[in-house]
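Containing mmCIF, C-alpha atoms: target_22.cif.
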```cif
data_target
loop_
_atom_site.label_atom_id
_atom_site.label_comp_id
_atom_site.auth_asym_id
_atom_site.auth_seq_id
_atom_site.Cartn_x
_atom_site.Cartn_y
_atom_site.Cartn_z
CA MET B 20 184.81 104.85 223.31
CA ALA B 21 181.70 103.05 224.03
CA GLU B 22 179.85 104.08 227.06
CA ILE B 23 177.89 101.33 228.58
CA GLU B 24 175.50 102.45 231.20
CA GLN B 25 173.85 100.15 233.51
CA ASN B 26 170.25 100.97 233.89
CA GLY B 27 168.19 100.37 236.94
CA SER B 28 168.96 100.21 240.57
CA GLY B 29 171.64 98.30 242.26
CA GLU B 30 169.31 95.54 243.24
CA ARG B 31 168.75 92.96 240.67
CA LYS B 32 165.90 90.70 240.46
CA LYS B 33 166.55 87.12 239.88
CA GLY B 34 165.87 85.82 236.44
CA LYS B 35 165.67 89.23 234.85
CA GLN B 36 168.25 90.08 232.29
CA LYS B 37 170.52 93.03 232.67
CA LYS B 38 169.37 95.97 230.67
CA PHE B 39 172.08 98.01 229.02
CA SER B 40 171.72 101.19 227.10
CA ILE B 41 174.60 101.23 224.71
CA ARG B 42 175.70 104.65 223.76
CA VAL B 43 178.82 105.36 221.80
CA ASP B 44 180.47 108.72 222.25
CA PHE B 45 181.35 110.02 218.84
CA THR B 46 183.19 113.15 219.95
CA PRO B 47 186.73 111.81 219.39
CA MET B 48 185.62 110.42 216.06
CA VAL B 49 184.44 113.87 215.02
CA ASP B 50 187.70 115.38 216.22
CA MET B 51 189.68 112.98 214.14
CA ASN B 52 187.56 113.57 211.07
CA MET B 53 187.90 117.30 211.40
CA LEU B 54 191.64 116.88 211.58
CA LEU B 55 191.65 114.79 208.44
CA ILE B 56 189.44 117.25 206.60
CA THR B 57 191.77 120.08 207.54
CA PHE B 58 194.69 118.06 206.30
CA PHE B 59 193.01 117.36 202.96
CA MET B 60 191.93 120.94 202.52
CA LEU B 61 195.43 122.24 203.05
CA CYS B 62 197.42 119.64 201.17
CA THR B 63 195.32 119.10 198.09
CA SER B 64 193.99 121.26 195.35
CA MET B 65 190.49 120.96 194.01
CA SER B 66 191.06 122.30 190.55
CA LYS B 67 193.36 120.97 187.92
CA PRO B 68 195.44 123.56 186.13
CA GLN B 69 194.12 125.00 182.89
CA THR B 70 196.11 124.74 179.76
CA MET B 71 196.25 126.29 176.37
CA GLU B 72 196.99 123.89 173.56
CA ILE B 73 199.19 125.13 170.79
CA SER B 74 200.72 123.40 167.86
CA MET B 75 203.75 124.77 166.17
CA PRO B 76 204.69 124.14 162.55
CA ARG B 77 207.15 121.35 161.91
CA LYS B 78 210.61 122.64 161.36
CA ASP B 79 211.51 120.29 158.53
CA LEU B 80 208.38 121.20 156.61
CA LEU B 81 208.83 124.86 157.17
CA ASN B 82 210.12 126.59 154.14
CA GLU B 83 210.02 129.96 155.75
CA GLN B 84 210.33 132.25 152.81
CA GLU B 85 207.69 130.52 150.75
CA GLN B 86 205.24 130.43 153.61
CA ASN B 87 205.86 134.03 154.44
CA LYS B 88 205.19 135.12 150.91
CA VAL B 89 201.91 133.27 150.64
CA LYS B 90 200.57 134.62 153.88
CA ALA B 91 202.17 138.00 154.18
CA SER B 92 200.00 139.69 151.61
CA LYS B 93 196.78 138.95 153.51
CA ALA B 94 198.15 138.64 156.99
CA MET B 95 198.19 140.93 159.93
CA THR B 96 201.46 140.94 161.80
CA ILE B 97 201.57 141.62 165.51
CA LEU B 98 204.86 142.63 167.07
CA LEU B 99 205.31 142.39 170.82
CA GLY B 100 207.53 145.11 172.17
CA LYS B 101 208.88 146.34 175.47
CA GLU B 102 206.73 146.64 178.58
CA GLY B 103 203.58 145.19 177.10
CA LYS B 104 203.50 147.46 174.08
CA VAL B 105 201.99 145.99 170.94
CA TYR B 106 202.64 147.04 167.37
CA TYR B 107 200.94 145.77 164.27
CA TYR B 108 200.87 146.20 160.54
CA MET B 109 198.74 144.80 157.76
CA GLY B 110 200.00 142.96 154.75
CA GLU B 111 203.56 142.90 153.63
CA PRO B 112 206.06 145.06 155.45
CA ASP B 113 207.31 148.13 153.65
CA TYR B 114 210.72 148.74 155.11
CA GLU B 115 210.89 152.27 153.71
CA ASN B 116 207.83 153.41 155.55
CA PRO B 117 207.98 153.13 159.35
CA ASP B 118 204.58 154.79 159.69
CA MET B 119 202.84 151.67 158.55
CA ILE B 120 203.45 150.27 162.01
CA GLN B 121 200.70 151.19 164.45
CA GLU B 122 200.95 151.08 168.19
CA THR B 123 198.24 149.61 170.39
CA ASP B 124 197.87 147.78 173.72
CA PHE B 125 196.15 144.84 175.36
CA SER B 126 193.08 146.78 176.54
CA PRO B 127 189.67 145.80 175.14
CA ASN B 128 189.70 148.92 172.96
CA GLY B 129 193.17 148.22 171.69
CA LEU B 130 194.22 145.02 170.04
CA ARG B 131 190.90 143.27 170.61
CA ALA B 132 188.88 145.90 168.80
CA ILE B 133 191.22 145.71 165.81
CA LEU B 134 191.10 141.93 165.67
CA LEU B 135 187.34 141.86 166.02
CA GLY B 136 187.07 144.40 163.26
CA ARG B 137 189.02 142.15 160.95
CA ASN B 138 187.16 139.05 161.98
CA GLN B 139 183.55 140.21 161.69
CA ILE B 140 182.34 137.48 159.35
CA VAL B 141 183.57 134.70 161.61
CA MET B 142 182.25 136.41 164.73
CA GLN B 143 178.84 136.68 163.06
CA LYS B 144 178.83 132.98 162.22
CA ILE B 145 179.94 132.03 165.71
CA ARG B 146 177.19 134.15 167.16
CA GLU B 147 174.61 132.39 164.99
CA LEU B 148 175.96 129.03 166.10
CA LYS B 149 175.77 130.09 169.73
CA GLN B 150 172.19 131.16 169.21
CA LYS B 151 171.39 127.79 167.66
CA LYS B 152 172.96 126.04 170.59
CA ALA B 153 171.00 128.15 173.01
CA ASN B 154 167.79 127.18 171.17
CA LEU B 155 168.82 123.52 171.45
CA GLU B 156 168.88 123.10 167.71
CA ILE B 157 172.38 121.66 167.83
CA THR B 158 174.22 119.79 170.53
CA ASN B 159 177.31 121.06 172.24
CA ASP B 160 179.55 118.67 170.31
CA GLU B 161 178.14 119.83 167.00
CA TYR B 162 178.66 123.39 168.08
CA MET B 163 182.28 122.69 168.92
CA THR B 164 183.10 121.03 165.59
CA GLU B 165 181.26 123.63 163.55
CA ALA B 166 182.81 126.51 165.43
CA ALA B 167 186.25 125.01 164.87
CA GLU B 168 185.50 124.75 161.18
CA VAL B 169 184.34 128.33 160.97
CA ARG B 170 187.44 129.52 162.78
CA LYS B 171 189.71 127.71 160.36
CA GLY B 172 187.66 128.76 157.36
CA LYS B 173 188.56 131.04 154.49
CA ASP B 174 186.96 134.11 155.99
CA SER B 175 189.17 134.17 159.01
CA PRO B 176 192.20 136.41 158.84
CA VAL B 177 195.75 135.16 159.21
CA VAL B 178 197.68 136.59 162.11
CA LEU B 179 201.41 136.33 162.50
CA ILE B 180 202.74 136.82 165.99
CA LYS B 181 206.31 137.94 166.31
CA ALA B 182 207.73 138.63 169.70
CA THR B 183 210.85 140.69 170.23
CA ASP B 184 213.38 139.66 172.82
CA PHE B 185 212.13 142.47 175.05
CA SER B 186 208.69 140.98 175.56
CA ASN B 187 207.87 138.40 178.18
CA TYR B 188 205.85 135.23 178.44
CA LYS B 189 202.77 137.02 179.70
CA ASN B 190 202.61 139.12 176.54
CA LEU B 191 202.75 136.00 174.42
CA ILE B 192 199.96 134.32 176.36
CA ASP B 193 197.92 137.52 176.22
CA VAL B 194 198.16 137.61 172.45
CA LEU B 195 197.26 133.94 172.16
CA ASP B 196 194.37 134.69 174.45
CA GLU B 197 193.15 137.47 172.20
CA MET B 198 193.18 134.96 169.34
CA GLN B 199 190.86 132.78 171.33
CA ILE B 200 188.59 135.61 172.40
CA CYS B 201 188.34 136.90 168.85
CA ASN B 202 187.85 133.42 167.39
CA ILE B 203 190.85 133.60 165.13
CA GLY B 204 191.82 130.10 164.09
CA ARG B 205 194.70 130.82 161.79
CA TYR B 206 197.66 132.25 163.58
CA ALA B 207 201.30 131.39 163.92
CA ILE B 208 204.13 132.30 166.24
CA MET B 209 207.13 133.23 164.20
CA ASP B 210 210.65 134.47 164.72
CA ILE B 211 211.10 138.17 164.30
CA THR B 212 213.01 139.26 161.24
CA PRO B 213 215.74 141.93 161.22
CA GLY B 214 213.48 143.96 158.92
CA ASP B 215 210.71 144.04 161.49
CA LEU B 216 213.14 145.11 164.15
CA ARG B 217 214.46 147.87 161.92
CA LEU B 218 210.90 149.09 161.38
CA LEU B 219 210.28 149.10 165.11
CA GLN B 220 213.49 150.99 165.65
CA ASP B 221 212.56 153.64 163.13
CA LYS B 222 209.10 153.94 164.61
CA THR B 223 210.03 154.12 168.27
CA HIS B 224 213.71 155.10 168.47
CA ALA B 225 213.84 152.78 171.42
CA GLY B 226 216.92 150.68 171.01
CA TYR B 227 215.49 147.76 169.09
CA ALA B 228 218.52 148.03 166.84
CA ASP B 229 220.76 146.70 169.61
CA ASP B 230 218.64 143.64 169.52
CA LEU B 231 218.87 143.67 165.77
CA LYS B 232 222.64 143.75 165.94
CA GLU B 233 222.61 140.72 168.18
CA VAL B 234 220.23 138.90 165.89
CA ILE B 235 222.41 139.54 162.88
CA GLU B 236 225.59 138.56 164.70
CA TYR B 237 223.93 135.39 165.91
CA ARG B 238 222.77 134.45 162.43
CA GLU B 239 226.22 135.07 160.98
CA LEU B 240 227.67 132.89 163.69
CA LYS B 241 225.29 130.12 162.76
CA GLN B 242 226.03 130.19 159.07
CA MET Z 30 154.90 119.88 246.70
CA SER Z 31 158.45 119.14 246.35
CA GLN Z 32 160.16 120.57 243.36
CA LYS Z 33 162.96 118.55 242.03
CA ILE Z 34 165.57 120.25 239.97
CA LYS Z 35 165.90 118.21 236.88
CA LYS Z 36 169.39 117.04 236.34
CA LYS Z 37 170.22 117.74 232.76
CA SER Z 38 172.56 115.43 231.02
CA THR Z 39 175.27 117.27 229.11
CA PHE Z 40 175.80 114.41 226.75
CA ILE Z 41 175.49 115.61 223.19
CA ASP Z 42 174.89 113.08 220.54
CA MET Z 43 177.74 113.39 218.10
CA THR Z 44 176.58 110.70 215.70
CA ALA Z 45 175.06 113.13 213.23
CA MET Z 46 178.08 115.38 213.38
CA SER Z 47 180.27 112.40 212.69
CA ASP Z 48 178.13 111.52 209.67
CA VAL Z 49 178.58 114.97 208.25
CA THR Z 50 182.34 115.02 208.73
CA VAL Z 51 182.77 111.59 207.20
CA LEU Z 52 180.77 112.75 204.21
CA LEU Z 53 182.92 115.84 203.81
CA LEU Z 54 186.05 113.78 204.18
CA THR Z 55 184.94 111.38 201.48
CA PHE Z 56 184.12 114.28 199.21
CA PHE Z 57 187.54 115.84 199.65
CA MET Z 58 189.32 112.57 199.20
CA LEU Z 59 187.54 111.82 195.95
CA THR Z 60 187.56 115.20 194.27
CA SER Z 61 190.92 116.66 195.11
CA THR Z 62 194.39 115.87 193.98
CA PHE Z 63 197.54 116.31 195.97
CA ILE Z 64 199.53 119.44 195.33
CA GLN Z 65 202.73 118.50 193.60
CA LYS Z 66 205.82 119.75 195.26
CA GLU Z 67 207.66 122.08 192.94
CA PRO Z 68 211.23 123.28 193.39
CA VAL Z 69 210.34 126.89 192.63
CA LYS Z 70 207.21 128.92 192.92
CA VAL Z 71 205.91 129.76 189.49
CA ASN Z 72 203.12 132.16 188.75
CA PRO Z 73 201.55 131.23 185.41
CA PRO Z 74 199.85 133.92 183.32
CA GLN Z 75 196.09 134.10 183.03
CA SER Z 76 194.10 133.04 180.03
CA VAL Z 77 190.50 132.37 179.06
CA SER Z 78 191.33 128.85 177.91
CA ASP Z 79 189.47 126.32 180.05
CA ILE Z 80 190.90 123.05 178.78
CA LYS Z 81 191.96 120.86 181.65
CA ILE Z 82 195.27 119.11 181.64
CA PRO Z 83 195.09 115.29 181.40
CA ASP Z 84 195.51 113.25 184.57
CA ASN Z 85 198.60 111.26 183.83
CA ASN Z 86 201.48 110.83 181.42
CA ILE Z 87 202.58 114.40 181.78
CA VAL Z 88 206.04 115.75 181.49
CA SER Z 89 206.00 119.30 182.71
CA ILE Z 90 208.66 121.87 182.11
CA LEU Z 91 208.96 124.49 184.77
CA VAL Z 92 210.53 127.78 183.75
CA GLU Z 93 211.50 130.32 186.35
CA PRO Z 94 211.78 134.07 185.55
CA SER Z 95 215.56 133.93 185.77
CA GLY Z 96 215.62 131.14 183.21
CA LYS Z 97 216.20 128.08 185.35
CA VAL Z 98 214.47 125.05 183.95
CA PHE Z 99 213.13 122.14 185.95
CA MET Z 100 211.29 119.09 184.75
CA SER Z 101 208.92 116.66 186.28
CA LEU Z 102 207.70 113.30 185.09
CA ASP Z 103 204.70 111.84 186.81
CA LYS Z 104 205.62 108.15 186.75
CA PRO Z 105 208.45 106.89 188.98
CA GLN Z 106 209.13 104.04 186.56
CA ASP Z 107 209.64 106.49 183.70
CA ARG Z 108 211.93 108.62 185.82
CA MET Z 109 214.17 105.65 186.50
CA GLU Z 110 214.37 104.65 182.85
CA VAL Z 111 215.09 108.17 181.72
CA LEU Z 112 217.91 108.63 184.22
CA LYS Z 113 219.42 105.34 183.12
CA LYS Z 114 219.44 106.52 179.52
CA MET Z 115 220.81 109.90 180.50
CA GLY Z 116 223.60 108.15 182.38
CA GLU Z 117 224.46 106.03 179.37
CA ASN Z 118 224.52 109.09 177.18
CA TYR Z 119 226.79 111.10 179.45
CA GLN Z 120 228.92 108.13 180.54
CA ILE Z 121 227.83 108.24 184.14
CA GLU Z 122 227.04 104.97 185.85
CA PHE Z 123 224.16 105.16 188.30
CA THR Z 124 223.76 102.46 190.90
CA ASN Z 125 220.41 100.82 191.52
CA GLU Z 126 220.15 102.68 194.77
CA GLU Z 127 220.66 106.01 193.05
CA LEU Z 128 218.08 105.16 190.42
CA LYS Z 129 215.63 104.28 193.14
CA LYS Z 130 216.31 107.51 194.96
CA PHE Z 131 215.81 109.44 191.76
CA SER Z 132 212.49 107.76 191.14
CA LEU Z 133 211.30 109.19 194.43
CA CYS Z 134 211.87 112.83 193.60
CA ASN Z 135 209.01 114.21 191.64
CA SER Z 136 210.73 117.04 189.89
CA PHE Z 137 214.36 117.37 189.09
CA GLY Z 138 216.65 120.02 187.79
CA VAL Z 139 220.36 119.57 188.36
CA PRO Z 140 223.04 119.24 185.70
CA ILE Z 141 223.69 115.57 185.00
CA GLN Z 142 227.30 115.93 186.09
CA GLY Z 143 226.15 116.89 189.57
CA MET Z 144 223.38 114.32 189.76
CA LYS Z 145 225.42 111.79 191.74
CA GLN Z 146 226.24 114.24 194.50
CA PHE Z 147 222.69 115.52 194.48
CA LEU Z 148 221.22 112.05 194.91
CA ALA Z 149 223.55 111.39 197.83
CA LEU Z 150 221.84 114.17 199.81
CA SER Z 151 218.89 113.58 202.06
CA PRO Z 152 215.47 114.52 200.61
CA GLU Z 153 215.26 117.61 202.82
CA ASP Z 154 218.66 118.84 201.66
CA GLN Z 155 217.69 118.08 198.07
CA ASP Z 156 214.68 120.38 198.37
CA LYS Z 157 216.91 123.11 199.75
CA VAL Z 158 219.55 123.05 197.05
CA VAL Z 159 217.61 122.11 193.93
CA MET Z 160 216.41 125.67 193.37
CA ASN Z 161 220.00 126.82 192.94
CA TYR Z 162 220.55 124.61 189.93
CA GLY Z 163 218.30 124.01 186.94
CA ILE Z 164 218.77 121.95 183.83
CA PRO Z 165 221.29 123.52 181.46
CA CYS Z 166 219.59 124.31 178.16
CA ASP Z 167 221.91 126.60 176.25
CA SER Z 168 223.00 125.65 172.78
CA THR Z 169 226.44 124.32 173.72
CA ASN Z 170 225.24 122.15 176.57
CA ASN Z 171 221.63 121.33 175.96
CA GLN Z 172 220.87 118.70 178.56
CA PHE Z 173 217.23 119.67 178.50
CA ARG Z 174 217.06 118.37 174.95
CA SER Z 175 218.47 115.00 176.02
CA TRP Z 176 216.04 114.74 178.90
CA MET Z 177 213.10 115.42 176.61
CA GLN Z 178 214.36 113.05 173.97
CA PHE Z 179 214.75 110.16 176.40
CA ALA Z 180 211.48 110.91 178.13
CA ARG Z 181 209.76 110.56 174.77
CA GLU Z 182 211.63 107.34 174.01
CA VAL Z 183 210.60 105.85 177.34
CA ASN Z 184 206.96 106.85 177.16
CA LYS Z 185 205.33 107.47 173.80
CA GLU Z 186 202.14 108.85 175.29
CA LEU Z 187 203.67 111.71 177.19
CA VAL Z 188 201.91 115.04 177.03
CA ILE Z 189 204.22 118.02 177.26
CA ALA Z 190 203.18 120.92 179.44
CA ILE Z 191 205.13 124.12 179.82
CA LYS Z 192 204.59 126.01 183.02
CA ALA Z 193 206.43 129.28 182.89
CA ASP Z 194 206.28 132.31 185.09
CA GLN Z 195 204.50 135.26 183.55
CA ASN Z 196 207.58 137.46 183.87
CA THR Z 197 209.87 135.11 182.02
CA PRO Z 198 211.58 137.01 179.21
CA TYR Z 199 210.53 135.76 175.79
CA PRO Z 200 213.99 134.64 174.57
CA LEU Z 201 214.06 131.94 177.26
CA ILE Z 202 210.69 130.62 176.14
CA LYS Z 203 211.81 130.85 172.55
CA ASP Z 204 214.82 128.64 173.28
CA ILE Z 205 212.65 126.01 174.89
CA MET Z 206 210.14 126.08 172.06
CA ALA Z 207 212.98 125.85 169.55
CA THR Z 208 214.37 122.81 171.34
CA LEU Z 209 210.98 121.15 171.32
CA GLN Z 210 210.57 121.97 167.67
CA ASP Z 211 213.95 120.43 167.03
CA LEU Z 212 212.71 117.22 168.61
CA ARG Z 213 209.59 117.36 166.44
CA GLU Z 214 207.40 117.92 169.44
CA ASN Z 215 204.98 120.31 167.85
CA ARG Z 216 201.95 119.99 170.07
CA TYR Z 217 202.18 120.99 173.63
CA ASN Z 218 200.28 122.65 176.41
CA LEU Z 219 200.95 125.95 178.08
CA ILE Z 220 199.72 125.94 181.63
CA THR Z 221 197.76 129.03 182.55
CA SER Z 222 195.42 130.09 185.29
CA LEU Z 223 191.83 130.77 184.44
CA ARG Z 224 190.25 134.15 183.97
CA ASN Z 225 186.78 134.98 182.81
CA MET Z 226 185.91 135.20 179.15
CA PRO Z 227 185.17 138.81 178.32
CA GLN Z 228 181.99 139.59 176.44
CA VAL Z 229 182.60 140.40 172.81
#
```

So that I can check it, write out the structure of this file as structure tokens.
Amino acid sequence: MAEIEQNGSGERKKGKQKKFSIRVDFTPMVDMNMLLITFFMLCTSMSKPQTMEISMPRKDLLNEQEQNKVKASKAMTILLGKEGKVYYYMGEPDYENPDMIQETDFSPNGLRAILLGRNQIVMQKIRELKQKKANLEITNDEYMTEAAEVRKGKDSPVVLIKATDFSNYKNLIDVLDEMQICNIGRYAIMDITPGDLRLLQDKTHAGYADDLKEVIEYRELKQ
Amino acid sequence: MSQKIKKKSTFIDMTAMSDVTVLLLTFFMLTSTFIQKEPVKVNPPQSVSDIKIPDNNIVSILVEPSGKVFMSLDKPQDRMEVLKKMGENYQIEFTNEELKKFSLCNSFGVPIQGMKQFLALSPEDQDKVVMNYGIPCDSTNNQFRSWMQFAREVNKELVIAIKADQNTPYPLIKDIMATLQDLRENRYNLITSLRNMPQV
């Protein structure tokens, strides 16, 4: 809406041009813009969702028993149980000895402390790299590639994650998260074995065997 | 001495205000993306991972706590092609009109046998009923597998993203991961919401 005001008195002198002050009222324009801004604020999201990239082993390349044997001796196995409970054992499972399974939780003093304890060499290296980056000795890209190398290196422990059917998605993500926090590069999500379930059952007396029964029935059905 | 009361003009110059709002508007238009309509509300778990998901070529798999699975493809063209292939596979003929209608719905999740009736509904009705269905993905009737397989055939550059609710029981996730592994899709993204990295 343009407001055109005529300046001067009603009388006009001959030969003199009309003098207009042109003033545009921007109020409706502002109203409209505000409306549009409100619309955009409500109907759009500023941030893109975060993701966690994982890569699973190829099924056709996976010779389970062989792989298990190679890794099991050095590996730490994490079992996800009911209601956010976490159990772990080191090395190969000893099915005769349920006490080898330890119970822990997702608190900073639980699983994280254990993982950090096992991953001290890598953590030390990562810290040095971070320090270098802070001192501008290396660029961010270099830091990223080197950190990835360190994480995948020989010093880093192998962690096997096995979730029981009683755990939920949040538990799985939490464990994967701990891997990231503790800079563990070598981990794998694996199916739980009847032996592990039996161990859990002996340790907790909490009905994991029902699950075990189902697992065994299911496998027999498949064969 | 005659004192005149000055007549104040109440006219406020809105030009500057307008400048500011236009600036804000431009900012919002450029930086934000539209919220995608999803058939069910899903609450993803938190993680410290701060990788952003790519902009396009995404096939996302939505998993609800009760185990219903929905999928969404971001390109209408891809959606059409995939439905055509699904139809061929399950011996269901879809008309051009149905294909077009399907290309308009962003996410989908009805059994293929009920797809024809579903597409006959109006968009509002579709939104209302879609949450009662879900793509069947059990071992005897794994339509989810077919959807994924054809989606990959249609678009080689697809990035797979799984968006599951944090209370989803693990066996449901395991089934989906097993299906993906079956299809030799070994790299995929798990959508999470951000939380701060704890000091270690």

- request: Mind checking which residues fall within 9 Å of Val49 in chain B, counting only C-alpha atoms, ignoring those fewer than 2 positions away in the same chain, and posting them as a PyMOL selection string?
  value: (chain B and resi 45-47+51-54) or (chain Z and resi 43-44+46-48+50-51)

Residues of chain Z that have any atom at most 7 Å from an atom of chain B: could you tabulate them with the shortest-distance atom pair and the distance in Å to one decimal, using all atoms listed in the file, ordered by chain and increasing number, as CSV?
```
residue,atom,partner,partner_atom,distance
Z:Met43,CA,B:Phe45,CA,5.0
Z:Thr44,CA,B:Phe45,CA,5.8
Z:Met46,CA,B:Val49,CA,6.7
Z:Ser47,CA,B:Val49,CA,5.0
Z:Thr50,CA,B:Asn52,CA,5.9
Z:Val51,CA,B:Asn52,CA,6.5
Z:Leu54,CA,B:Ile56,CA,5.4
Z:Phe57,CA,B:Phe59,CA,6.6
Z:Thr60,CA,B:Met65,CA,6.5
Z:Ser61,CA,B:Met65,CA,4.5
Z:Thr62,CA,B:Thr63,CA,5.3
Z:Phe63,CA,B:Thr63,CA,4.1
Z:Ile64,CA,B:Thr63,CA,5.0
Z:Pro74,CA,B:Lys189,CA,5.6
Z:Ser76,CA,B:Asp196,CA,5.8
Z:Val77,CA,B:Asp196,CA,6.5
Z:Ser78,CA,B:Met71,CA,5.8
Z:Asp79,CA,B:Gln69,CA,5.6
Z:Ile80,CA,B:Thr70,CA,5.6
Z:Lys81,CA,B:Gln69,CA,4.8
Z:Ile82,CA,B:Thr70,CA,6.0
Z:Gln195,CA,B:Lys189,CA,4.6
Z:Asn196,CA,B:Asn187,CA,5.8
Z:Thr197,CA,B:Tyr188,CA,5.4
Z:Pro198,CA,B:Asn187,CA,4.1
Z:Tyr199,CA,B:Asn187,CA,4.4
Z:Pro200,CA,B:Asp184,CA,5.4
Z:Gln210,CA,B:Lys78,CA,6.3
Z:Asp211,CA,B:Lys78,CA,6.9
Z:Arg213,CA,B:Arg77,CA,6.5
Z:Asn215,CA,B:Met75,CA,4.9
Z:Arg216,CA,B:Ser74,CA,4.2
Z:Tyr217,CA,B:Ile73,CA,5.8
Z:Asn218,CA,B:Glu72,CA,4.5
Z:Leu219,CA,B:Met71,CA,5.0
Z:Ile220,CA,B:Thr70,CA,4.2
Z:Thr221,CA,B:Thr70,CA,5.4
Z:Ser222,CA,B:Gln69,CA,5.8
Z:Leu223,CA,B:Gln69,CA,6.4
```

field: Option closest in space to Gln142 in chain Z, from Z:Val71, Z:Leu128, Z:Val98, Z:Ile164 [counting all atoms listed in the file]
entry: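 Smallest distance to Gln142 in chain Z is found for Z:Ile164.
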
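CA of Leu148 in chain Z is found 6.3 Å from CA of Glu127 in chain Z.
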
message: Since I can't run it myself right now, could you work out what the PyMOL selection byres ((chain Z and resi 156) around 10) selects here and report it as a PyMOL selection string?
response: chain Z and resi 66-69+134+136-137+150-155+157-161

Quick one: residues within 12 Å of Cys166 in chain Z, only C-alpha atoms, excluding same-chain residues fewer than 2 positions away - as a short mmCIF file (atom, residue, chain, number, x, y, z; two decimals) with C-alpha atoms, in the frame of the given file?
```
data_model
loop_
_atom_site.label_atom_id
_atom_site.label_comp_id
_atom_site.auth_asym_id
_atom_site.auth_seq_id
_atom_site.Cartn_x
_atom_site.Cartn_y
_atom_site.Cartn_z
CA ILE Z 90 208.66 121.87 182.11
CA VAL Z 92 210.53 127.78 183.75
CA GLY Z 96 215.62 131.14 183.21
CA LYS Z 97 216.20 128.08 185.35
CA VAL Z 98 214.47 125.05 183.95
CA PHE Z 99 213.13 122.14 185.95
CA MET Z 100 211.29 119.09 184.75
CA GLY Z 138 216.65 120.02 187.79
CA VAL Z 139 220.36 119.57 188.36
CA PRO Z 140 223.04 119.24 185.70
CA ILE Z 141 223.69 115.57 185.00
CA TYR Z 162 220.55 124.61 189.93
CA GLY Z 163 218.30 124.01 186.94
CA ILE Z 164 218.77 121.95 183.83
CA SER Z 168 223.00 125.65 172.78
CA THR Z 169 226.44 124.32 173.72
CA ASN Z 170 225.24 122.15 176.57
CA ASN Z 171 221.63 121.33 175.96
CA GLN Z 172 220.87 118.70 178.56
CA PHE Z 173 217.23 119.67 178.50
CA ARG Z 174 217.06 118.37 174.95
CA SER Z 175 218.47 115.00 176.02
CA TRP Z 176 216.04 114.74 178.90
CA MET Z 177 213.10 115.42 176.61
CA LEU Z 201 214.06 131.94 177.26
CA ILE Z 202 210.69 130.62 176.14
CA LYS Z 203 211.81 130.85 172.55
CA ASP Z 204 214.82 128.64 173.28
CA ILE Z 205 212.65 126.01 174.89
CA MET Z 206 210.14 126.08 172.06
CA ALA Z 207 212.98 125.85 169.55
CA THR Z 208 214.37 122.81 171.34
CA LEU Z 209 210.98 121.15 171.32
#
```

task: List, as JSON, numbers by chain, every residue that the PyMOL selection byres ((chain Z and resi 111) around 12) selects in the file provided.
output: {"Z": [88, 100, 101, 102, 104, 105, 106, 107, 108, 109, 110, 112, 113, 114, 115, 116, 117, 118, 123, 128, 131, 132, 137, 141, 175, 176, 177, 178, 179, 180, 181, 182, 183, 184]}

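Between CA of Lys152 in chain B and CA of Leu130 in chain B the separation is 28.5 Å.
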
Near-range 109-113 of chain B list (12 Å; only C-alpha atoms; drop same-chain fewer than 5 positions) as a ChimeraX atom specification: /B:87-98,118-121,133-134,137,176-179,212-219

- prompt: Between CA of Val49 in chain Z and CA of Lys36 in chain Z, what is the distance, to one decimal in Å?
  reply: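 Separating CA of Val49 in chain Z from CA of Lys36 in chain Z is a distance of 29.6 Å.
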
Around range 44-56 of chain Z, fit a box with edges along x, y and z, padding it by 4 Å on each side, then list its centre and edge lengths in Å to one decimal as lines of an AutoDock Vina configuration file.
```
center_x = 180.6
center_y = 113.3
center_z = 207.5
size_x = 19.0
size_y = 13.1
size_z = 24.5
```

- request: Please identify all polymer residues within 12 Å of Gly172 in chain B, counting all atoms listed in the file, omitting same-chain residues fewer than 3 positions from it, and present them as a PyMOL selection string.
  value: chain B and resi 138+140-142+144-145+165-169+175-177+202-205
